[in-house]
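J.: Sharing data07.cif, mmCIF, C-alpha atoms and all ligand atoms:
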```cif
data_work
#
loop_
_atom_site.label_atom_id
_atom_site.label_comp_id
_atom_site.auth_asym_id
_atom_site.auth_seq_id
_atom_site.Cartn_x
_atom_site.Cartn_y
_atom_site.Cartn_z
CA MET A 5 0.00 0.00 0.00
CA ARG A 6 1.36 3.38 -0.92
CA HIS A 7 -0.65 6.58 -0.75
CA LEU A 8 1.00 9.72 -2.02
CA VAL A 9 0.09 13.37 -2.16
CA SER A 10 1.57 16.24 -4.14
CA LEU A 11 1.18 19.79 -2.95
CA SER A 12 1.26 22.06 -5.98
CA PHE A 13 1.31 25.84 -6.09
CA ASP A 14 0.53 27.96 -9.13
CA PHE A 15 2.36 31.24 -8.61
CA ASP A 16 0.25 33.31 -11.01
CA ALA A 17 0.62 36.68 -9.28
CA MET A 18 -1.23 39.16 -11.54
CA SER A 19 -0.83 37.11 -14.76
CA GLY A 20 -4.29 35.51 -14.47
CA PHE A 21 -5.95 38.91 -14.09
CA VAL A 22 -3.94 40.38 -16.97
CA SER A 23 -4.87 37.48 -19.29
CA ARG A 24 -8.54 38.25 -18.58
CA GLY A 25 -8.04 41.92 -19.38
CA LEU A 26 -8.20 42.97 -15.72
CA GLU A 27 -5.37 45.49 -15.50
CA THR A 28 -6.66 48.16 -13.15
CA PRO A 29 -4.57 48.91 -10.03
CA THR A 30 -6.83 46.94 -7.72
CA ALA A 31 -6.90 43.85 -9.95
CA ILE A 32 -3.11 44.00 -10.24
CA SER A 33 -2.80 44.34 -6.48
CA ARG A 34 -4.81 41.15 -5.93
CA GLY A 35 -2.15 39.28 -7.83
CA GLU A 36 0.60 41.23 -6.13
CA PHE A 37 -0.46 39.70 -2.83
CA GLY A 38 0.83 36.40 -4.22
CA ALA A 39 4.39 37.65 -3.86
CA VAL A 40 3.66 38.54 -0.21
CA ALA A 41 2.25 35.06 0.37
CA VAL A 42 5.02 32.97 -1.25
CA PRO A 43 7.44 33.31 1.70
CA ARG A 44 4.64 32.21 4.06
CA VAL A 45 4.06 29.07 2.01
CA LEU A 46 7.79 28.39 1.64
CA GLY A 47 8.25 28.76 5.40
CA LEU A 48 5.45 26.28 6.11
CA LEU A 49 6.79 23.73 3.63
CA GLU A 50 10.29 24.08 5.06
CA ARG A 51 9.02 23.48 8.58
CA TYR A 52 7.57 20.13 7.48
CA GLY A 53 10.43 19.26 5.11
CA ILE A 54 8.07 19.04 2.13
CA ALA A 55 9.20 19.58 -1.48
CA ALA A 56 6.32 20.86 -3.61
CA SER A 57 5.70 21.46 -7.32
CA TRP A 58 5.50 25.12 -8.29
CA PHE A 59 4.08 26.16 -11.65
CA ILE A 60 5.11 29.67 -12.69
CA PRO A 61 4.31 31.58 -15.91
CA GLY A 62 7.42 32.97 -17.63
CA THR A 63 6.18 36.54 -17.29
CA VAL A 64 5.84 36.09 -13.51
CA ILE A 65 9.43 34.80 -13.25
CA GLY A 66 10.43 38.05 -14.99
CA THR A 67 8.21 40.21 -12.76
CA TYR A 68 9.38 38.63 -9.50
CA PRO A 69 12.86 37.18 -10.08
CA LYS A 70 13.81 37.20 -6.38
CA VAL A 71 10.62 35.44 -5.30
CA ALA A 72 11.08 32.84 -8.04
CA GLU A 73 14.70 32.33 -6.95
CA ALA A 74 13.55 31.77 -3.37
CA ILE A 75 11.15 29.07 -4.58
CA ALA A 76 13.86 27.31 -6.56
CA ALA A 77 16.34 27.67 -3.67
CA GLY A 78 13.85 25.89 -1.40
CA GLY A 79 14.45 22.65 -3.31
CA HIS A 80 11.04 22.66 -5.01
CA GLU A 81 10.20 21.49 -8.50
CA ILE A 82 9.66 24.32 -11.01
CA GLY A 83 7.00 23.45 -13.60
CA HIS A 84 5.79 25.27 -16.70
CA HIS A 85 2.61 27.35 -16.50
CA GLY A 86 2.70 29.11 -19.86
CA TRP A 87 4.69 32.15 -20.91
CA THR A 88 1.62 34.29 -20.20
CA HIS A 89 -1.44 32.99 -18.33
CA THR A 90 -3.55 32.68 -21.51
CA PRO A 91 -4.90 29.12 -21.75
CA PRO A 92 -3.59 27.15 -24.79
CA ALA A 93 -7.16 26.62 -26.01
CA GLN A 94 -7.15 30.36 -26.85
CA LEU A 95 -3.77 30.32 -28.65
CA SER A 96 -2.75 29.35 -32.17
CA ARG A 97 -0.46 26.31 -32.48
CA GLU A 98 2.48 28.62 -33.23
CA GLN A 99 1.77 30.89 -30.25
CA GLU A 100 1.47 27.87 -27.98
CA ALA A 101 4.74 26.32 -29.21
CA GLU A 102 6.56 29.63 -28.85
CA GLY A 103 5.18 30.19 -25.35
CA LEU A 104 6.31 26.71 -24.27
CA ALA A 105 9.84 27.33 -25.55
CA ARG A 106 10.08 30.85 -24.12
CA GLY A 107 8.72 29.83 -20.71
CA ASN A 108 11.20 26.96 -20.61
CA GLU A 109 14.10 29.33 -21.27
CA ALA A 110 13.06 31.34 -18.22
CA ILE A 111 12.72 28.18 -16.13
CA GLU A 112 16.12 26.91 -17.24
CA ARG A 113 17.73 30.22 -16.28
CA LEU A 114 15.98 30.05 -12.91
CA SER A 115 16.51 26.42 -11.94
CA GLY A 116 19.28 25.15 -14.21
CA GLN A 117 16.99 22.75 -16.05
CA LYS A 118 13.95 22.80 -18.30
CA ALA A 119 10.58 21.95 -16.81
CA ARG A 120 9.62 18.26 -16.65
CA GLY A 121 6.01 19.09 -16.07
CA TYR A 122 3.41 21.38 -17.58
CA ARG A 123 0.20 22.75 -16.14
CA SER A 124 -2.02 24.75 -18.44
CA PRO A 125 -3.19 28.19 -17.33
CA SER A 126 -6.86 27.88 -16.32
CA TRP A 127 -6.73 24.15 -17.13
CA ASP A 128 -7.78 24.26 -20.76
CA LEU A 129 -5.52 22.41 -23.21
CA SER A 130 -5.62 22.89 -26.96
CA PRO A 131 -5.86 19.98 -29.43
CA HIS A 132 -2.09 20.49 -30.00
CA THR A 133 -0.86 20.59 -26.41
CA VAL A 134 0.01 16.92 -25.88
CA GLU A 135 1.96 16.76 -29.15
CA LEU A 136 3.82 20.01 -28.41
CA LEU A 137 4.70 18.89 -24.88
CA LEU A 138 6.17 15.65 -26.21
CA GLU A 139 8.09 17.54 -28.91
CA GLN A 140 9.59 19.84 -26.28
CA GLY A 141 10.66 17.04 -23.95
CA PHE A 142 8.05 17.25 -21.20
CA VAL A 143 7.50 14.16 -19.06
CA TYR A 144 4.08 14.93 -17.66
CA ASP A 145 1.07 17.22 -17.85
CA SER A 146 -1.14 18.19 -14.93
CA SER A 147 -4.21 19.82 -16.48
CA MET A 148 -6.76 17.05 -17.03
CA MET A 149 -9.45 15.45 -14.91
CA GLY A 150 -9.93 11.95 -16.37
CA ASP A 151 -9.16 10.24 -13.05
CA ASP A 152 -8.78 11.34 -9.45
CA HIS A 153 -5.85 9.60 -7.73
CA THR A 154 -4.45 7.48 -10.57
CA PRO A 155 -2.16 8.99 -13.21
CA TYR A 156 -2.67 7.84 -16.77
CA ARG A 157 -1.20 8.19 -20.27
CA ALA A 158 -2.41 11.29 -22.13
CA ARG A 159 -4.11 10.64 -25.49
CA GLN A 160 -3.54 12.42 -28.75
CA GLY A 161 -5.99 12.77 -31.62
CA ASP A 162 -9.36 12.36 -29.89
CA VAL A 163 -12.29 12.99 -32.24
CA VAL A 164 -15.51 14.50 -30.89
CA PRO A 165 -18.05 14.16 -33.71
CA ASP A 166 -21.36 15.98 -33.57
CA GLY A 167 -24.07 13.63 -32.36
CA GLU A 168 -21.92 10.48 -32.61
CA PRO A 169 -19.90 8.52 -30.03
CA MET A 170 -16.44 9.79 -29.07
CA GLY A 171 -13.42 8.51 -30.94
CA PHE A 172 -10.45 8.16 -28.60
CA GLY A 173 -6.97 8.86 -29.94
CA ALA A 174 -3.85 6.82 -29.20
CA GLU A 175 -2.20 6.84 -25.78
CA THR A 176 1.13 8.66 -25.74
CA THR A 177 4.15 8.47 -23.44
CA LEU A 178 3.13 11.72 -21.74
CA ILE A 179 1.99 10.98 -18.18
CA GLU A 180 -1.12 12.80 -17.02
CA MET A 181 -1.12 13.75 -13.34
CA PRO A 182 -4.83 14.48 -12.93
CA ILE A 183 -6.26 17.43 -11.05
CA SER A 184 -9.70 18.62 -10.07
CA TRP A 185 -11.45 21.93 -9.39
CA SER A 186 -12.61 20.44 -6.09
CA LEU A 187 -8.96 20.05 -4.97
CA ASP A 188 -8.10 23.60 -6.09
CA ASP A 189 -8.27 26.48 -3.61
CA HIS A 190 -9.34 29.04 -6.22
CA PRO A 191 -13.01 28.24 -6.85
CA HIS A 192 -13.65 27.59 -3.14
CA PHE A 193 -12.17 30.79 -1.85
CA GLU A 194 -11.69 33.50 -4.46
CA PHE A 195 -14.51 35.96 -5.05
CA PHE A 196 -14.54 36.79 -8.75
CA ARG A 197 -16.87 39.02 -10.75
CA THR A 198 -16.85 39.26 -14.51
CA ALA A 199 -19.32 40.82 -16.94
CA GLU A 200 -21.01 37.42 -17.35
CA ALA A 201 -20.87 35.83 -13.92
CA VAL A 202 -20.12 36.04 -10.22
CA MET A 203 -18.02 33.28 -8.64
CA PRO A 204 -18.84 33.74 -4.97
CA GLY A 205 -15.93 31.80 -3.38
CA LEU A 206 -15.19 32.86 0.22
CA ARG A 207 -16.18 29.49 1.71
CA PRO A 208 -15.21 28.59 5.27
CA ALA A 209 -11.82 26.86 5.20
CA GLY A 210 -12.90 24.11 7.60
CA GLY A 211 -15.37 22.65 5.11
CA VAL A 212 -12.79 22.63 2.31
CA LEU A 213 -10.28 20.98 4.65
CA GLU A 214 -12.77 18.24 5.46
CA ASN A 215 -13.36 17.57 1.72
CA TRP A 216 -9.64 17.50 1.00
CA VAL A 217 -8.82 15.09 3.83
CA ASP A 218 -11.75 12.82 2.94
CA ASP A 219 -10.53 12.49 -0.64
CA PHE A 220 -7.28 11.12 0.79
CA VAL A 221 -9.09 8.78 3.18
CA TYR A 222 -11.23 7.46 0.31
CA MET A 223 -8.13 6.83 -1.80
CA GLN A 224 -6.69 4.80 1.09
CA ARG A 225 -9.89 2.76 1.20
CA ILE A 226 -10.09 1.80 -2.44
CA ALA A 227 -6.57 1.95 -3.90
CA GLN A 228 -3.37 0.01 -3.26
CA TRP A 229 -1.37 2.82 -4.79
CA GLY A 230 -2.51 6.34 -5.52
CA LEU A 231 -1.47 9.94 -5.75
CA LEU A 232 -3.72 12.88 -4.93
CA THR A 233 -2.78 16.35 -6.17
CA TYR A 234 -3.77 19.48 -4.28
CA THR A 235 -3.54 22.81 -6.11
CA CYS A 236 -3.13 26.15 -4.35
CA HIS A 237 -2.38 29.71 -5.41
CA PRO A 238 -0.29 31.90 -3.10
CA TYR A 239 -2.62 34.89 -3.50
CA VAL A 240 -5.55 32.66 -2.47
CA ILE A 241 -4.10 30.32 0.17
CA GLY A 242 -1.88 33.03 1.67
CA ARG A 243 -4.68 34.61 3.77
CA GLY A 244 -4.40 33.83 7.49
CA HIS A 245 -7.29 31.42 7.95
CA ARG A 246 -6.35 29.52 4.78
CA MET A 247 -2.71 29.21 5.82
CA MET A 248 -4.02 27.69 9.05
CA MET A 249 -6.07 25.29 6.93
CA LEU A 250 -3.03 24.34 4.81
CA GLU A 251 -1.09 23.57 7.97
CA ARG A 252 -3.96 21.44 9.31
CA LEU A 253 -4.12 19.64 5.97
CA ILE A 254 -0.42 18.75 6.15
CA GLU A 255 -0.81 17.60 9.76
CA ALA A 256 -3.86 15.46 8.92
CA LEU A 257 -2.23 13.87 5.86
CA LEU A 258 0.96 13.07 7.82
CA GLU A 259 -1.09 11.58 10.63
CA LYS A 260 -2.88 9.31 8.13
CA GLY A 261 0.39 8.12 6.62
CA ALA A 262 0.60 10.12 3.39
CA GLY A 263 3.90 10.25 1.51
CA PHE A 264 4.67 13.70 0.11
CA VAL A 265 6.23 13.77 -3.37
CA THR A 266 6.65 16.33 -6.14
CA LEU A 267 4.63 15.67 -9.27
CA GLU A 268 7.87 14.89 -11.10
CA GLN A 269 8.66 12.19 -8.52
CA GLY A 270 5.08 10.92 -8.67
CA ALA A 271 5.15 10.73 -12.47
CA ALA A 272 8.45 8.81 -12.36
CA GLU A 273 7.02 6.34 -9.86
CA TYR A 274 3.92 5.85 -11.98
CA ARG A 275 6.07 5.23 -15.07
CA GLN A 276 7.99 2.53 -13.18
CA ARG A 277 4.69 0.92 -12.22
CA LEU A 278 3.64 1.00 -15.88
CA GLU A 279 6.91 -0.65 -16.93
CA ARG A 280 6.51 -3.36 -14.28
CA GLY A 281 2.95 -3.96 -15.44
CA GLU A 282 1.50 -2.83 -12.10
CA ALA A 283 -0.55 0.02 -13.51
ZN ZN B 1 -2.59 29.70 -12.99
#
```
Can you turn what I pasted into structure tokens?
Ligand SMILES: [Zn+2]
T.:
Amino acid sequence: MRHLVSLSFDFDAMSGFVSRGLETPTAISRGEFGAVAVPRVLGLLERYGIAASWFIPGTVIGTYPKVAEAIAAGGHEIGHHGWTHTPPAQLSREQEAEGLARGNEAIERLSGQKARGYRSPSWDLSPHTVELLLEQGFVYDSSMMGDDHTPYRARQGDVVPDGEPMGFGAETTLIEMPISWSLDDHPHFEFFRTAEAVMPGLRPAGGVLENWVDDFVYMQRIAQWGLLTYTCHPYVIGRGHRMMMLERLIEALLEKGAGFVTLEQGAAEYRQRLERGEA
């Protein structure tokens, strides 16, 4: 029995607001709080000796070089989160390929190596993403929701015909480390108003904590091996009551016997299981 968790942090700062056209001083300042919160998160992770996976857009590495350096210096994995925060589904193939390469240059300058993992801004891949990730040497993606605590091989060339059954494409060597909006701090906590909708957020942290712990407990019940990925954003999780929740989450997971790994480590372990025929 082996039950793993990955704590992942998307350090978006203001890039997510900018990509939605929200560039007024107050919108920018919401993202700016992320840079205030990063040291809080790094301090907490250090106290528990946990290495996490951090996904950072290239523009944010350029905006906050010192903060990004502190993340890398903490021994954490640095993953790719786009050059800007525009989701690939809204980019041309050329723009997407260029953004992957440019973001990777920034990550290589920061950490000494290109990213092994990719997480799409706003979790919306294009039909080209899997192919481009493989072309550019990525090992895993963490943007899809086709499973909960079991990684799987990403497909390429799915066909979604109008009014007919799905046609699944071939499995590739890219490992998918699945995620979920329910294990993401953003929709639970962040109040967001656009011209079309209001996302209320602002839920009590205790309820979210209970959900997040129970997903781990359920994995222990039904799986011999599994990996659950939690996704947080410094500007969201960095508020006092949510930092208390994150600490309680770590305590609860440790108490229940969770092993903490980076997504890169988790993907490597899953690949070994595949090769041994255990997955
Ligand atoms: Zn993001």
J.: Go through A:Leu267, A:Leu232, A:Val240, A:Leu138 and flag the residue nearest ligand ZN 1 (chain B), using only C-alpha atoms and all ligand atoms for the distances.
T.: A:Val240
J.: Within 12 Å of ligand ZN 1 (chain B) (counting only C-alpha atoms and all ligand atoms), which residues show up? I'd like them as a JSON list (two decimals) with C-alpha atoms, in the frame of the given file.
T.:
```json
[["chain", "number", "residue", "atom", "x", "y", "z"],
["A", 12, "SER", "CA", 1.26, 22.06, -5.98],
["A", 13, "PHE", "CA", 1.31, 25.84, -6.09],
["A", 14, "ASP", "CA", 0.53, 27.96, -9.13],
["A", 15, "PHE", "CA", 2.36, 31.24, -8.61],
["A", 16, "ASP", "CA", 0.25, 33.31, -11.01],
["A", 17, "ALA", "CA", 0.62, 36.68, -9.28],
["A", 18, "MET", "CA", -1.23, 39.16, -11.54],
["A", 19, "SER", "CA", -0.83, 37.11, -14.76],
["A", 20, "GLY", "CA", -4.29, 35.51, -14.47],
["A", 21, "PHE", "CA", -5.95, 38.91, -14.09],
["A", 22, "VAL", "CA", -3.94, 40.38, -16.97],
["A", 23, "SER", "CA", -4.87, 37.48, -19.29],
["A", 24, "ARG", "CA", -8.54, 38.25, -18.58],
["A", 35, "GLY", "CA", -2.15, 39.28, -7.83],
["A", 38, "GLY", "CA", 0.83, 36.40, -4.22],
["A", 58, "TRP", "CA", 5.50, 25.12, -8.29],
["A", 59, "PHE", "CA", 4.08, 26.16, -11.65],
["A", 60, "ILE", "CA", 5.11, 29.67, -12.69],
["A", 61, "PRO", "CA", 4.31, 31.58, -15.91],
["A", 62, "GLY", "CA", 7.42, 32.97, -17.63],
["A", 63, "THR", "CA", 6.18, 36.54, -17.29],
["A", 64, "VAL", "CA", 5.84, 36.09, -13.51],
["A", 83, "GLY", "CA", 7.00, 23.45, -13.60],
["A", 84, "HIS", "CA", 5.79, 25.27, -16.70],
["A", 85, "HIS", "CA", 2.61, 27.35, -16.50],
["A", 86, "GLY", "CA", 2.70, 29.11, -19.86],
["A", 87, "TRP", "CA", 4.69, 32.15, -20.91],
["A", 88, "THR", "CA", 1.62, 34.29, -20.20],
["A", 89, "HIS", "CA", -1.44, 32.99, -18.33],
["A", 90, "THR", "CA", -3.55, 32.68, -21.51],
["A", 91, "PRO", "CA", -4.90, 29.12, -21.75],
["A", 122, "TYR", "CA", 3.41, 21.38, -17.58],
["A", 123, "ARG", "CA", 0.20, 22.75, -16.14],
["A", 124, "SER", "CA", -2.02, 24.75, -18.44],
["A", 125, "PRO", "CA", -3.19, 28.19, -17.33],
["A", 126, "SER", "CA", -6.86, 27.88, -16.32],
["A", 127, "TRP", "CA", -6.73, 24.15, -17.13],
["A", 128, "ASP", "CA", -7.78, 24.26, -20.76],
["A", 146, "SER", "CA", -1.14, 18.19, -14.93],
["A", 147, "SER", "CA", -4.21, 19.82, -16.48],
["A", 188, "ASP", "CA", -8.10, 23.60, -6.09],
["A", 189, "ASP", "CA", -8.27, 26.48, -3.61],
["A", 190, "HIS", "CA", -9.34, 29.04, -6.22],
["A", 235, "THR", "CA", -3.54, 22.81, -6.11],
["A", 236, "CYS", "CA", -3.13, 26.15, -4.35],
["A", 237, "HIS", "CA", -2.38, 29.71, -5.41],
["A", 238, "PRO", "CA", -0.29, 31.90, -3.10],
["A", 239, "TYR", "CA", -2.62, 34.89, -3.50],
["A", 240, "VAL", "CA", -5.55, 32.66, -2.47]]
```
J.: Give me, as a PDB file with C-alpha atoms, in the coordinates of the input, all polymer residues having an atom no more than 12 Å from Gly230 of chain A, counting only C-alpha atoms and skipping those fewer than 2 positions away in the same chain.
T.:
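Listing of result_12.pdb after writing:
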```pdb
ATOM      1  CA  MET A   5       0.000   0.000   0.000  1.00  0.00           C
ATOM      2  CA  ARG A   6       1.360   3.380  -0.920  1.00  0.00           C
ATOM      3  CA  HIS A   7      -0.650   6.580  -0.750  1.00  0.00           C
ATOM      4  CA  LEU A   8       1.000   9.720  -2.020  1.00  0.00           C
ATOM      5  CA  VAL A   9       0.090  13.370  -2.160  1.00  0.00           C
ATOM      6  CA  SER A  10       1.570  16.240  -4.140  1.00  0.00           C
ATOM      7  CA  ASP A 151      -9.160  10.240 -13.050  1.00  0.00           C
ATOM      8  CA  ASP A 152      -8.780  11.340  -9.450  1.00  0.00           C
ATOM      9  CA  HIS A 153      -5.850   9.600  -7.730  1.00  0.00           C
ATOM     10  CA  THR A 154      -4.450   7.480 -10.570  1.00  0.00           C
ATOM     11  CA  PRO A 155      -2.160   8.990 -13.210  1.00  0.00           C
ATOM     12  CA  TYR A 156      -2.670   7.840 -16.770  1.00  0.00           C
ATOM     13  CA  MET A 181      -1.120  13.750 -13.340  1.00  0.00           C
ATOM     14  CA  PRO A 182      -4.830  14.480 -12.930  1.00  0.00           C
ATOM     15  CA  ASP A 219     -10.530  12.490  -0.640  1.00  0.00           C
ATOM     16  CA  PHE A 220      -7.280  11.120   0.790  1.00  0.00           C
ATOM     17  CA  VAL A 221      -9.090   8.780   3.180  1.00  0.00           C
ATOM     18  CA  TYR A 222     -11.230   7.460   0.310  1.00  0.00           C
ATOM     19  CA  MET A 223      -8.130   6.830  -1.800  1.00  0.00           C
ATOM     20  CA  GLN A 224      -6.690   4.800   1.090  1.00  0.00           C
ATOM     21  CA  ARG A 225      -9.890   2.760   1.200  1.00  0.00           C
ATOM     22  CA  ILE A 226     -10.090   1.800  -2.440  1.00  0.00           C
ATOM     23  CA  ALA A 227      -6.570   1.950  -3.900  1.00  0.00           C
ATOM     24  CA  GLN A 228      -3.370   0.010  -3.260  1.00  0.00           C
ATOM     25  CA  LEU A 232      -3.720  12.880  -4.930  1.00  0.00           C
ATOM     26  CA  THR A 233      -2.780  16.350  -6.170  1.00  0.00           C
ATOM     27  CA  ALA A 262       0.600  10.120   3.390  1.00  0.00           C
ATOM     28  CA  GLY A 263       3.900  10.250   1.510  1.00  0.00           C
ATOM     29  CA  PHE A 264       4.670  13.700   0.110  1.00  0.00           C
ATOM     30  CA  VAL A 265       6.230  13.770  -3.370  1.00  0.00           C
ATOM     31  CA  GLY A 270       5.080  10.920  -8.670  1.00  0.00           C
ATOM     32  CA  ALA A 271       5.150  10.730 -12.470  1.00  0.00           C
ATOM     33  CA  GLU A 273       7.020   6.340  -9.860  1.00  0.00           C
ATOM     34  CA  TYR A 274       3.920   5.850 -11.980  1.00  0.00           C
ATOM     35  CA  ARG A 277       4.690   0.920 -12.220  1.00  0.00           C
ATOM     36  CA  GLU A 282       1.500  -2.830 -12.100  1.00  0.00           C
ATOM     37  CA  ALA A 283      -0.550   0.020 -13.510  1.00  0.00           C
TER      38      ALA A 283
END
```
J.: Find the residue from A:Ile241, A:Ala56, A:Val71, A:Leu114 that sits nearest to Gln269 of chain A; use only C-alpha atoms when measuring.
T.: A:Ala56
J.: A:Glu98, A:Glu175, A:Glu214, A:Asp145: which is nearest Arg157 of chain A, counting only C-alpha atoms?
T.: A:Glu175
J.: Which of these, A:Ala119, A:Ala39, A:Leu278, A:Leu187, has the shortest distance to Thr67 of chain A once you count all atoms listed in the file?
T.: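 Among A:Ala119, A:Ala39, A:Leu278, A:Leu187, it is A:Ala39 that comes nearest to Thr67 of chain A.
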J.: Could you tell me which of A:Lys260, A:His245, A:Arg51, A:Lys118 comes closest to Phe142 of chain A if we count all atoms listed in the file?
T.: A:Lys118
J.: Box for segment 48-57 of chain A - axis-aligned, 5 Å on each of the six sides, all listed atoms - centre and size in Å to one decimal, as lines of an AutoDock Vina configuration file.
T.:
```
center_x = 7.9
center_y = 22.7
center_z = 0.6
size_x = 15.0
size_y = 17.2
size_z = 25.9
```
J.: Taking all atoms listed in the file into account, which of A:Glu81, A:Gly167, A:Phe196, A:Tyr68 comes nearest Phe37 of chain A?
T.: A:Tyr68
J.: As an exercise, work out the distance from atom CA of Met248 of chain A to atom CA of Leu46 of chain A in Å and give it to one decimal place.
T.: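 The value is 14.0 Å.
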